[in-house]
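Q: So here's run_7.txt (compact mmCIF, C-alpha atoms (C1' of nucleotides)).
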```
# COMPACT_ATOMS: atom_id res chain seq x y z
CA MET L 1 -8.69 5.49 7.21
CA ALA L 2 -7.69 8.30 4.93
CA LYS L 3 -9.34 11.69 4.82
CA THR L 4 -11.08 11.35 1.50
CA LYS L 5 -9.69 8.12 0.15
CA LEU L 6 -8.11 9.06 -3.12
CA ASP L 7 -9.20 7.01 -6.01
CA ILE L 8 -6.17 5.64 -7.58
CA ASP L 9 -6.14 4.19 -11.01
CA ASN L 10 -3.56 2.02 -12.70
CA ASN L 11 -2.59 0.61 -16.02
CA VAL L 12 -1.35 -2.73 -14.93
CA ARG L 13 -3.39 -4.47 -17.55
CA LYS L 14 -2.27 -2.13 -20.24
CA LEU L 15 1.36 -2.57 -19.30
CA ARG L 16 0.93 -6.29 -19.01
CA PHE L 17 -0.07 -6.42 -22.66
CA GLU L 18 1.89 -3.63 -24.21
CA GLN L 19 5.09 -4.16 -22.43
CA GLN L 20 5.91 -7.78 -22.13
CA GLU L 21 2.75 -9.60 -23.11
CA MET L 22 2.37 -11.76 -20.09
CA THR L 23 -0.51 -13.64 -18.55
CA GLN L 24 -2.07 -12.68 -15.22
CA GLN L 25 -0.58 -15.81 -13.74
CA ALA L 26 2.85 -15.00 -15.07
CA LEU L 27 2.72 -11.51 -13.63
CA ALA L 28 1.39 -12.87 -10.36
CA ASP L 29 4.32 -15.24 -10.15
CA LYS L 30 6.76 -12.56 -11.11
CA VAL L 31 5.69 -10.26 -8.31
CA GLY L 32 4.91 -13.05 -5.92
CA VAL L 33 1.18 -12.82 -5.35
CA SER L 34 -1.83 -14.89 -6.34
CA ARG L 35 -3.55 -14.41 -9.65
CA GLN L 36 -6.70 -13.12 -7.97
CA THR L 37 -4.74 -10.30 -6.49
CA ILE L 38 -3.73 -9.24 -9.96
CA VAL L 39 -7.31 -9.48 -11.13
CA ALA L 40 -8.46 -7.40 -8.17
CA ILE L 41 -5.93 -4.71 -8.93
CA GLU L 42 -6.59 -4.63 -12.65
CA LYS L 43 -10.29 -4.36 -11.93
CA ASN L 44 -9.47 -1.75 -9.32
CA ARG L 45 -11.32 -3.49 -6.53
CA TYR L 46 -8.80 -2.32 -4.01
CA SER L 47 -5.44 -0.68 -4.17
CA PRO L 48 -2.45 -2.81 -3.34
CA SER L 49 0.03 -2.42 -0.55
CA LEU L 50 2.87 -0.05 -1.27
CA ASP L 51 5.07 -3.09 -1.34
CA LEU L 52 3.15 -4.75 -4.12
CA ALA L 53 2.91 -1.45 -5.97
CA PHE L 54 6.68 -1.27 -5.97
CA GLN L 55 6.99 -4.86 -7.09
CA LEU L 56 4.72 -4.19 -10.02
CA ALA L 57 6.60 -1.07 -10.98
CA LEU L 58 9.72 -3.14 -10.75
CA ALA L 59 8.26 -5.86 -12.95
CA PHE L 60 7.43 -3.33 -15.61
CA GLN L 61 10.62 -1.38 -15.13
CA LYS L 62 8.63 1.78 -14.75
CA PRO L 63 8.53 4.32 -11.96
CA ILE L 64 5.64 3.68 -9.68
CA THR L 65 3.94 6.89 -10.76
CA GLN L 66 3.60 5.53 -14.23
CA VAL L 67 1.80 2.45 -13.04
CA PHE L 68 -0.43 4.00 -10.40
CA PHE L 69 -1.84 7.49 -10.51
CA MET L 70 -4.64 9.56 -9.12
CA LYS L 71 -7.62 10.14 -11.29
CA ALA L 72 -8.02 13.86 -10.91
CA ASP L 73 -4.33 14.37 -10.65
CA LYS L 74 -3.25 17.89 -10.09
CA LEU L 75 -0.46 17.87 -7.60
CA THR L 76 1.71 14.87 -8.22
CA PRO L 77 4.18 15.57 -10.98
CA PRO L 78 3.89 12.79 -13.52
CA HIS L 79 7.16 11.17 -14.34
CA LYS L 80 7.54 12.37 -17.90
CA PRO L 81 11.12 13.24 -18.51
CA ARG L 82 11.33 16.43 -20.48
CA VAL L 83 14.43 15.35 -22.27
CA LYS L 84 15.51 12.12 -23.83
CA LEU L 85 17.49 10.21 -21.29
CA LYS L 86 20.92 9.16 -22.39
CA GLY L 87 21.52 5.61 -21.20
CA LEU L 88 18.09 4.11 -20.92
CA MET A 1 2.38 -12.09 0.17
CA ALA A 2 5.14 -10.77 -2.00
CA LYS A 3 8.00 -12.80 -3.38
CA THR A 4 10.76 -11.38 -1.23
CA LYS A 5 9.08 -8.49 0.47
CA LEU A 6 11.09 -5.49 -0.58
CA ASP A 7 12.24 -3.37 2.21
CA ILE A 8 11.04 0.04 1.57
CA ASP A 9 12.39 3.03 3.38
CA ASN A 10 11.01 6.53 3.64
CA ASN A 11 11.89 9.98 4.75
CA VAL A 12 8.59 11.03 6.15
CA ARG A 13 10.19 12.20 9.33
CA LYS A 14 12.87 14.09 7.48
CA LEU A 15 10.34 15.78 5.24
CA ARG A 16 8.09 16.52 8.16
CA PHE A 17 10.86 18.59 9.73
CA GLU A 18 12.67 19.99 6.74
CA GLN A 19 9.76 20.82 4.63
CA GLN A 20 6.99 22.27 6.68
CA GLU A 21 7.97 21.68 10.27
CA MET A 22 4.88 19.97 11.43
CA THR A 23 4.08 17.70 14.34
CA GLN A 24 3.14 14.04 13.93
CA GLN A 25 -0.38 14.91 14.92
CA ALA A 26 -0.57 17.70 12.39
CA LEU A 27 0.62 15.44 9.61
CA ALA A 28 -1.74 12.72 10.75
CA ASP A 29 -4.63 15.14 10.55
CA LYS A 30 -3.50 16.44 7.21
CA VAL A 31 -3.50 13.02 5.60
CA GLY A 32 -6.40 11.74 7.64
CA VAL A 33 -4.92 8.97 9.76
CA SER A 34 -4.14 8.52 13.42
CA ARG A 35 -0.89 9.71 14.91
CA GLN A 36 0.22 6.16 15.65
CA THR A 37 0.03 5.35 12.00
CA ILE A 38 2.50 8.14 11.34
CA VAL A 39 4.74 6.86 14.11
CA ALA A 40 4.58 3.35 12.68
CA ILE A 41 5.55 4.55 9.25
CA GLU A 42 8.33 6.81 10.44
CA LYS A 43 9.70 3.93 12.48
CA ASN A 44 9.21 1.70 9.49
CA ARG A 45 7.15 -0.88 11.33
CA TYR A 46 5.06 -1.52 8.28
CA SER A 47 4.63 0.10 4.94
CA PRO A 48 1.44 2.01 4.36
CA SER A 49 -1.29 1.36 1.87
CA LEU A 50 -0.69 2.84 -1.55
CA ASP A 51 -3.47 5.22 -0.76
CA LEU A 52 -1.77 6.61 2.31
CA ALA A 53 1.54 6.72 0.47
CA PHE A 54 -0.07 8.95 -2.12
CA GLN A 55 -1.63 11.15 0.54
CA LEU A 56 1.72 11.64 2.17
CA ALA A 57 3.38 12.46 -1.11
CA LEU A 58 0.57 14.87 -1.68
CA ALA A 59 1.02 16.47 1.72
CA PHE A 60 4.68 17.05 1.02
CA GLN A 61 4.10 18.01 -2.57
CA LYS A 62 6.66 15.50 -3.67
CA PRO A 63 6.39 12.59 -6.06
CA ILE A 64 5.83 9.38 -4.21
CA THR A 65 9.25 8.08 -5.23
CA GLN A 66 10.87 10.85 -3.25
CA VAL A 67 9.06 9.90 -0.09
CA PHE A 68 9.28 6.11 -0.34
CA PHE A 69 12.11 4.20 -1.93
CA MET A 70 13.73 0.83 -1.90
CA LYS A 71 16.84 0.39 0.10
CA ALA A 72 19.04 -1.30 -2.43
CA ASP A 73 17.48 0.57 -5.24
CA LYS A 74 18.75 -0.31 -8.66
CA LEU A 75 15.84 -0.42 -10.99
CA THR A 76 13.43 2.32 -10.10
CA PRO A 77 14.49 5.57 -11.69
CA PRO A 78 14.52 8.23 -9.00
CA HIS A 79 12.50 11.26 -9.83
CA LYS A 80 15.28 13.75 -10.38
CA PRO A 81 14.32 15.96 -13.27
CA ARG A 82 17.27 16.48 -15.54
CA VAL A 83 16.14 19.96 -16.42
CA LYS A 84 14.66 22.78 -14.48
CA LEU A 85 10.92 22.66 -14.71
CA LYS A 86 9.30 25.80 -15.98
CA GLY A 87 6.14 26.42 -13.98
CA LEU A 88 6.66 24.75 -10.68
C1' DG G 1 11.39 21.61 40.11
C1' DC G 2 6.92 21.71 37.52
C1' DC G 3 4.22 21.63 33.24
C1' DC G 4 3.16 20.63 28.96
C1' DA G 5 3.79 19.34 24.19
C1' DA G 6 5.76 16.02 21.34
C1' DT G 7 7.03 11.58 20.97
C1' DG G 8 7.39 6.26 21.73
C1' DT G 9 5.04 2.05 23.04
C1' DA G 10 1.69 -1.56 23.86
C1' DA G 11 -2.96 -4.01 23.77
C1' DT G 12 -7.07 -4.85 21.72
C1' DA G 13 -10.34 -4.11 18.04
C1' DT G 14 -11.65 -3.26 13.24
C1' DA G 15 -10.85 -2.74 8.25
C1' DT G 16 -8.67 -4.01 4.30
C1' DA G 17 -5.50 -6.72 1.43
C1' DT G 18 -4.27 -11.25 0.06
C1' DT G 19 -4.64 -16.47 -0.29
C1' DT G 20 -6.84 -20.64 -1.38
C1' DG G 21 -9.91 -23.46 -3.77
C1' DA G 22 -13.52 -23.96 -6.61
C1' DC G 23 -16.32 -23.03 -10.56
C1' DA G 24 -18.19 -20.60 -15.02
C1' DC G 25 -17.21 -18.51 -19.49
C1' DT G 26 -14.91 -17.55 -23.71
C1' DA G 27 -11.73 -17.90 -27.60
C1' DA G 28 -8.40 -20.58 -30.13
C1' DG G 29 -6.48 -24.96 -31.57
C1' DT G 30 -7.08 -29.57 -32.85
C1' DA W 1 -17.41 -31.08 -30.92
C1' DC W 2 -13.65 -31.39 -27.50
C1' DT W 3 -9.97 -29.48 -25.11
C1' DT W 4 -7.40 -26.14 -23.01
C1' DA W 5 -5.44 -21.57 -21.58
C1' DG W 6 -6.79 -17.24 -20.05
C1' DT W 7 -9.88 -14.77 -17.59
C1' DG W 8 -13.73 -13.35 -14.12
C1' DT W 9 -16.07 -14.39 -9.77
C1' DC W 10 -17.32 -15.94 -5.16
C1' DA W 11 -16.76 -17.50 -0.29
C1' DA W 12 -14.08 -18.41 3.59
C1' DA W 13 -9.65 -18.03 5.89
C1' DT W 14 -5.45 -15.54 7.08
C1' DA W 15 -2.30 -11.54 7.19
C1' DT W 16 -1.47 -6.90 7.58
C1' DA W 17 -2.65 -2.02 8.15
C1' DT W 18 -5.03 1.23 10.89
C1' DA W 19 -7.83 3.03 15.00
C1' DT W 20 -8.40 3.63 19.80
C1' DT W 21 -7.11 4.16 24.40
C1' DA W 22 -3.95 4.52 27.63
C1' DC W 23 0.45 5.25 29.68
C1' DA W 24 5.74 6.35 29.95
C1' DT W 25 9.49 9.50 28.57
C1' DT W 26 11.90 13.41 27.20
C1' DG W 27 13.03 18.42 26.50
C1' DG W 28 11.83 23.23 26.86
C1' DG W 29 9.68 27.15 29.05
C1' DC W 30 8.19 29.02 33.13
```
Before we go any further, please render this structure as structure tokens.

A:
Amino acid sequence: MAKTKLDIDNNVRKLRFEQQEMTQQALADKVGVSRQTIVAIEKNRYSPSLDLAFQLALAFQKPITQVFFMKADKLTPPHKPRVKLKGL
Amino acid sequence: MAKTKLDIDNNVRKLRFEQQEMTQQALADKVGVSRQTIVAIEKNRYSPSLDLAFQLALAFQKPITQVFFMKADKLTPPHKPRVKLKGL
DNA sequence: GCCCAATGTAATATATATTTGACACTAAGT
DNA sequence: ACTTAGTGTCAAATATATATTACATTGGGC
């Protein structure tokens, strides 16, 4: 499919613990997929649909770029705000 | 698959014109897919794989969130830097 | 008016993501 | 020692994304 299939990494597992301490099943339910799908993604067996990626980002209340990222990332600006945001 | 399948919109077409004025075929080549895949995405017939989404973002040199976004977007912070970036 | 490039569409085929169900392993609680 | 929740894994089935080929349409340049 894609030129040279980017290898995309993610910190779903990390976020799952750090952020809200939830089980795979809980996360699966939250984003509406099966637990095995979560496993597959955490283990990086395949990358999810854009849809699911968004759902996960949503679940963690993070921009998608903070959940999924390219390994040798050079071009995509990481979403690190340079200033403290006011509201959030 | 997903809870209530988010409907994700994109401005691939817009960017394709505005940004670098390229044809569907050219873009397709650039990101390594067939032209019909580009058509399908522009027409929003299905949302791409995360991989392709990244490739497109890459092609346009934009963060993924500026290429794909949710319609009734409330939770995902849009990537609008609050300050002028230095380098780029 | 003719040509050609760019675009839209449709059918069929293949690849990949996701589901379902089942089972093994481990750590923690009792 | 027994149970149970959380996790990893596998195989087979289904859904969805993508490729391929082929054809129709439209707009611009000649």

Q: Between L:Gln61, L:Gln66, L:Gln36, L:Thr23, which is the closest to chain G once you count all atoms listed in the file?

A: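 The closest residue to chain G is L:Gln36.
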
Q: Just checking: using only C-alpha atoms (C1' of nucleotides), which residue out of A:Lys5, A:Ala40, A:Arg16, A:Ala28 ends up closest to chain G?

A: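 Residue with the minimum atom-to-atom distance to chain G: A:Ala40.
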
Q: For Glu42 of chain A, which residue among G:DG8, G:DT20, G:DA28, G:DA15 is the nearest when counting all atoms listed in the file?

A: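 Once distances to Glu42 of chain A are computed over all atoms listed in the file, the minimum belongs to G:DG8.
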
Q: Distance cut-off 12 Å, counting all atoms listed in the file - which residues of chain G neighbour chain A? Return them as a ChimeraX atom specification.

A: /G:5-10,16-19

Q: Could you take the residues named above and write them with C-alpha atoms (C1' of nucleotides), as a short mmCIF file (atom, residue, chain, number, x, y, z; two decimals), in the coordinates of the input?

A:
```cif
data_model
loop_
_atom_site.label_atom_id
_atom_site.label_comp_id
_atom_site.auth_asym_id
_atom_site.auth_seq_id
_atom_site.Cartn_x
_atom_site.Cartn_y
_atom_site.Cartn_z
"C1'" DA G 5 3.79 19.34 24.19
"C1'" DA G 6 5.76 16.02 21.34
"C1'" DT G 7 7.03 11.58 20.97
"C1'" DG G 8 7.39 6.26 21.73
"C1'" DT G 9 5.04 2.05 23.04
"C1'" DA G 10 1.69 -1.56 23.86
"C1'" DT G 16 -8.67 -4.01 4.30
"C1'" DA G 17 -5.50 -6.72 1.43
"C1'" DT G 18 -4.27 -11.25 0.06
"C1'" DT G 19 -4.64 -16.47 -0.29
#
```

Q: Could you work out how far atom C1' of DA24 of chain G lies from atom CA of Glu21 of chain L, giving the answer in Å with one decimal?

A: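 Rounded to one decimal, the two atoms are 25.0 Å apart.
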
Q: Considering all atoms listed in the file, state which residue in the set A:Ile8, A:Leu56, A:Leu27, A:Leu15 is at the smallest distance from chain L.

A: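 Using all atoms listed in the file, chain L sits closest to A:Ile8.
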
Q: Mind pulling up the distance from atom CA of Phe54 of chain A to atom CA of Leu6 of chain L?

A: 8.1 Å

Q: Would you kindly return, as a list of chain:residue names, each protein, DNA or RNA residue with an atom no farther than 12 Å from any atom of DA11 of chain G, considering only C-alpha atoms (C1' of nucleotides) and excluding same-chain residues fewer than 2 positions away?

A: G:DT9, G:DA13, W:DT20, W:DT21, W:DA22, W:DC23

Q: Can you check which residues of chain A have any atom within 7 Å of chain W? Use only C-alpha atoms (C1' of nucleotides) and format it as an MDAnalysis selection string.

A: chainID A and resid 34 37 48

Q: Suppose you want the space between atom CA of Val67 of chain A and atom CA of Val12 of chain A; what is it in Å?

A: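 Between atom CA of Val67 of chain A and atom CA of Val12 of chain A the gap works out to 6.4 Å.
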
Q: Excluding Met70 of chain L and residues on its chain fewer than 5 positions from it, collect all residues at most 10 Å away from it, counting only C-alpha atoms (C1' of nucleotides), and give them as a PyMOL selection string.

A: (chain L and resi 6-10+65+75-76) or (chain A and resi 51+54)

Q: Using all atoms listed in the file for the distances, tell me which of L:Arg35, L:Thr4, L:Lys14, L:Lys71 is nearest to chain A.

A: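 Once distances to chain A are computed over all atoms listed in the file, the minimum belongs to L:Thr4.
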
Q: Return the single residue from L:Ala57, L:Asn44, L:Phe17, L:Met22 that is closest to chain A, with distances computed using all atoms listed in the file.

A: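 Residue with the minimum atom-to-atom distance to chain A: L:Ala57.
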